[in-house]
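Written below as structure tokens is the structure these notes are about.
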Amino acid sequence: MTLAQHLPALQVVVPLLAAPLTVLLRRRTLAFAVVLAASWIAFAISVRLWMQVESSGTISYAIGNWPPPWGIEYRVDRLSAFMLVLVSGLAAVVLPYSRASIEQEIPAHQQYLFYTVFALCLTGLLGITITGDAFNIFVFLEISSLSTYVLIALGRDRRALLAAYQYLIMGTIGATFFVIGVGLLYLMTGSLNLADIAQRLSAVEGTRPVLAALAFLTVGISLKLALFPLHQWLPNAYAYAPSAVTAFLAGSATKVAVYVLLRFYFSVFGAPQVFDKVPMQEMLLLLALAGMFAASAVAIFQTDLKRLFAYSSVAQIGYIILGLSFGTVTGLTATIVHLANHAITKGAVFMLLGCVAASLGGVGLARIQGMGKRMPLTSLGLVVCGLSLIGVPGTAGFISKWMLIQAALEQGQWWLVFLIVLSSLLAVAYVWRFVEAAYLREPSNDPNTAAEARWSMLLPAALLVAATVYFGFDTSLTLGSATHAAGELMSAPQ
Amino acid sequence: MAADELIIAALLVPAAGAALIALCDRAPNLREGVTLVSSVLLLLCVVSLLPDVLDGARPAITLFEVLPGLSIAFDVEPLGMLFALIASGLWIVNSLYSIGYMRANREHAQTRFYVCFALALAATMGVAMAGNMFTLFLFYEMLTLITYPLVTHHGTDEARRGGRVYLALLLGTSIMFLLPAIVFTWFIAGTTDFTPGGILGGKLSAAALGGLLALYMFGIGKAALMPFHRWLPAAMVAPTPVSALLHAVAVVKAGVFSVVKVIVYVFGIDTLASAGVTDWLVGVAGFTIVAASVVALNSDNLKRRLAYSTVSQLSYVVLAAAVLVPLSMVGAVLHIAAHALGKITLFFAAGAIYTAAHKTEVSQLDGIGRRMPWTMGAFAIGALSMIGLPPAAGFISKWYMLSGAMAGAHWIAVAVIAGSTLLNAGYFLPVVYRAFFRAPDAGQSAHGEAPLPMVIALTATAIGTVLLFFVPDVPLALTRQMTGK
């Protein structure tokens with residue numbers, strides 16, 4: 001076997017090995033170099049896997065040569081390849097940024113540990129995405145969650161500890177629910193391999209334990225993806241974590257949880273069982289709508305920009321789940337494309353907010369007054385991302401919104417169309433809180449006028465901002481892949 | 001240059017101009033030079049397209065596909081040609097005026113002002129030349145966003161409030177109504193291309209057509225149909241050159257232009273006529289005309305009076321388009337041109353009065369015509385055009401509208417046009433009367449005309465208003481092409 005055949009394993013192993021290496025090296029520069037290299041290699045591998053899947057279909061890789069369903073199977077289909085590229089790509093952009101960012105936010109002697117934990121978090125997220133084994137998902141989920149708790153707790157503000165603790169409790173409950181769900185499935189099917197479970201489930205379809213498993217999995221995963229009203233952990237975690245961590249988590253952690261939900265719904269249970277046997281459609285629809293409106297409304301009244309955009313994330317997750325709740329190919333396409341578009345946009349937002357914090361010492365609305373003049377590039381970037389969150393044409397967010405509206409129209413549900421566009425107006429309101437503070441207020445009397453952040457922070461952020469605009473015009477990568485992935489998911493054998 | 005290159009050039013010239021203006025931040029004279037040069041270049045590009053379009057050609061270019069069946073595409077048809085001509089031509093005059101105004105009033109952040117102005121023109125060109133509703137929407141939203149910094153230019157609390165109303169109404173209507181309308185159109189017709197005869201024929205029931213039409217008409221908030229007209233007076237907090245070009249020409253005309261485009265090229269006149277779903281639109285537009293005129297009649301603030309006059313005049317275009325008779329359609333399109341020239345003259349005059357005499361209210365204008373004869377002379381011509389009297393361009397467009405309404409036996413429309421003419425006279429003639437025939441109050445500071453560039457600009461547009469009355473050949477030829485009559 002050549003190296004190319006082991007790419008699925010290497011996808012996870014490379015960042016996994018980078019983690020202990022950094023502990024051995026103990027120097028922050030070396031640690032940075034190792035993890036940076038690992039993330040870039042992981043990105044290259046994911047792109048390679050993606051191209052492979054696009055050309056020759058699903059890849060199945062048996063760990064240790066134990067054939068599935070006995071051994072653990074790594075399985076790369078269109079959706080997981082898409083997510084792998086997204087997650088590793090974000091890591092590859094956030095890492096160069098993180099160096100300058102955490103120098104200001106984390107004590108020097110802890111910095112190498114940041115890279116260690118970051119590598120572990122990346123490992124966990126990639127592992128969840130690539131594995132085809134239910135219990136293995138749980139293992140990687142725990143790896144990513146535990147490392148996330150640490151990453152959040154590294155925040156400079158002492159409240160970061162409380163936020164991490166809060167997330168620890170909620171995350172653990174979520175993981176418990178998840179593992180109970182997996183246990184029930186194992187009980188009913190005797191298998192842990194997702195594809196195998198899917199096949200065996202047809203014999204016990206609709207039985208109470210299976211539906212209970214569906215319920216447990218839904219609640220567990222919804223906690224991780226911060227579906228309203230299980231989102232309470234998210235605003236604090238995003239607000240108090242170091243900027244680089246927030247940027248990475250906002251774009252990857254919740255998105256991977258959505259991926260797990262999609263995986264279980266469409267590849268394991270199958271759409272008919274989820275949507276016909278249980279009123280899941282109505283429940284998800286209501287929660288999504290509630291999230292879109294409640295979280296947006298709360299966002300309008302925030303005075304701290306990180307919290308403001310954290311609540312915006314909860315609202316945007318509402319859009320993602322709304323698309324899923326239609327249970328149609330178009331709806332699913334909207335979900336998947338918004339996963340990517342929102343990940344890119346929010347990644348950019350939180351990176352830029354990190355730049356703001358580095359220059360102005362905080363991201364409160366009072367502190368950023370007049371930053372349009374002091375930090376013109378950062379401000380412009382935030383405006384562009386804000387427009388994407390609103391869904392203005394010419395940005396990635398518009399494509400998502402278009403697909404969502406189309407999905408609602410297909411169902412003939414005009415009232416949903418109007419609710420979708422109405423909630424975008426709430427986004428205008430919270431984005432314009434920033435715009436007015438940045439451009440229409442005079443700088444507060446702080447004489448040590450700050451300029452733009454360092455280039456090493458600004459450039460990676462600018463890259464994501466550019467991507468936000470680029471994917472508003474050229475949608476072949478995002479929408480094209482999402483359409484294919486959605487088609488593959490919906491046609492999955494029952 | 002080939003025609004498709006000219007289209008791209010028309011978009012890039014103002015955009016490149018904006019970039020250069022930003023670079024010339026430290027050298028104001030050079031910066032204003034760049035503005036003037038790019039405005040002249042833009043007009044050249046647009047004028048070079050004119051012969052082709054007059055010959056019946058439709059220069060078009062498709063850039064790339066964004067969503068399946070939805071491309072960024074440009075297609076210059078007669079209506080767009082006319083709009084592009086008006087906007088680019090008046091940009092030159094307006095730049096001249098802006099230079100005088102901004103310097104005389106020592107405005108801050110002038111570089112930002114000129115950058116946004118140039119970008120707004122680029123967006124306007126995009127709206128004018130858009131080949132499908134999707135492209136039009138893209139540039140329509142861009143125009144809203146890029147004019148926001150111009151509206152809030154002063155950065156005061158009042159500007160912030162005005163900006164909020166401006167943004168909330170324009171962005172709100174376009175996201176709430178226009179976007180669903182476009183997605184639905186695409187969903188039904190599989191395309192959003194502007195096609196002569198429309199793309200919705202036979203695809204929807206009369207009720208659905210009516211609903212969709214309502215979404216479009218209220219979604220195009222820039223056309224300021226009541227009850228979504230409040231942004232226009234709110235935007236008057238902007239410096240006067242902004243009010244002049246953007247809120248007499250580019251922004252509002254982008255609105256009514258889109259309305260006509262949608263009625264002619266998306267629905268198709270025949271489709272709408274056979275479904276008979278535009279009567280309510282005639283009613284709403286008629287109501288807007290009368291109600292806005294009444295508000296204008298009671299406004300002492302000159303710019304506010306002009307703003308409500310604009311709201312009212314815009315609805316003439318909507319009304320004439322909704323009548324669905326070819327003659328009235330000609331009137332609608334001509335009125336886009338006539339109102340642009342007349343209203344920009346009026347705004348220029350208001351700005352000149354503010355600059356020279358620091359007066360903003362109508363009641364302060366007693367005898368000002370004696371000190372500023374050129375300004376008030378131009379104002380009188382603009383007022384004539386608004387009322388629809390010869391020898392001003394407004395007469396021709398109103399003539400066509402009236403004939404169309406009569407030909408279509410739309411007696412409500414006829415009554416509205418006739419009645420509102422009286423109202424227009426009622427709020428414009430007193431201003432002219434005060435300026436020329438009342439004695440100035442005692443103890444006023446002596447002042448003359450505004451700075452020369454401003455006077456030149458407003459005289460030029462006043463002359464244009466009269467010229468369009470005597471030689472309306474080009475707009476008429478373009479309109480005839482569009483309606484096929």
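The way I read the labels, and the way they are meant: chains A, B, ... in the order of the structure tokens, residue 1 as the first residue of every chain, and ligand 1 as the first ligand shown, with later ones counted on from there.
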Near region 285-293 of chain A, counting only C-alpha atoms, which residues have an atom at most 12 Å away, once you skip same-chain residues fewer than 3 positions from it, shown as a PyMOL selection string?
chain A and resi 222+225-232+275+279-282+296-300+311-327+331+335+408+415-427
Check: which chain A residues lie within 8 Å of chain B using only C-alpha atoms, as a list in words:
Val392, Pro393, Gly394, Trp402, Ile405, Gln406, Leu409, Val417, Phe418, Val421, Leu422, Ser424, Leu425, Glu436, Leu440, Arg441, Gly472, Phe473, Asp474, Thr475 and Ser476 of chain A
One decimal, in Å: what's the spacing between CA of Leu84 (chain A) and CA of Phe177 (chain A)?
25.0 Å
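For the pair CA of Tyr97 (chain A) and CA of Met457 (chain A), the separation is 4.6 Å.
Within 6 Å of region 187-197 of chain A there are Pro69, Gly132, Asp133, Ala134, Leu184, Arg200 and Leu201 of chain A, counting only C-alpha atoms and ignoring same-chain residues fewer than 3 positions away.
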Test item, helix (DSSP H, G or I) assignment across region 113-351 of chain B, answer as a count of residues only:
195
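The coordinates place CA of Ala120 (chain B) at 13.1 Å from CA of Ser38 (chain B).
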Need to verify the contact set: Leu352 (chain A), 7 Å, only C-alpha atoms, exclusion of same-chain residues closer than 5 positions in sequence. Can you return it as a count of residues only?
3
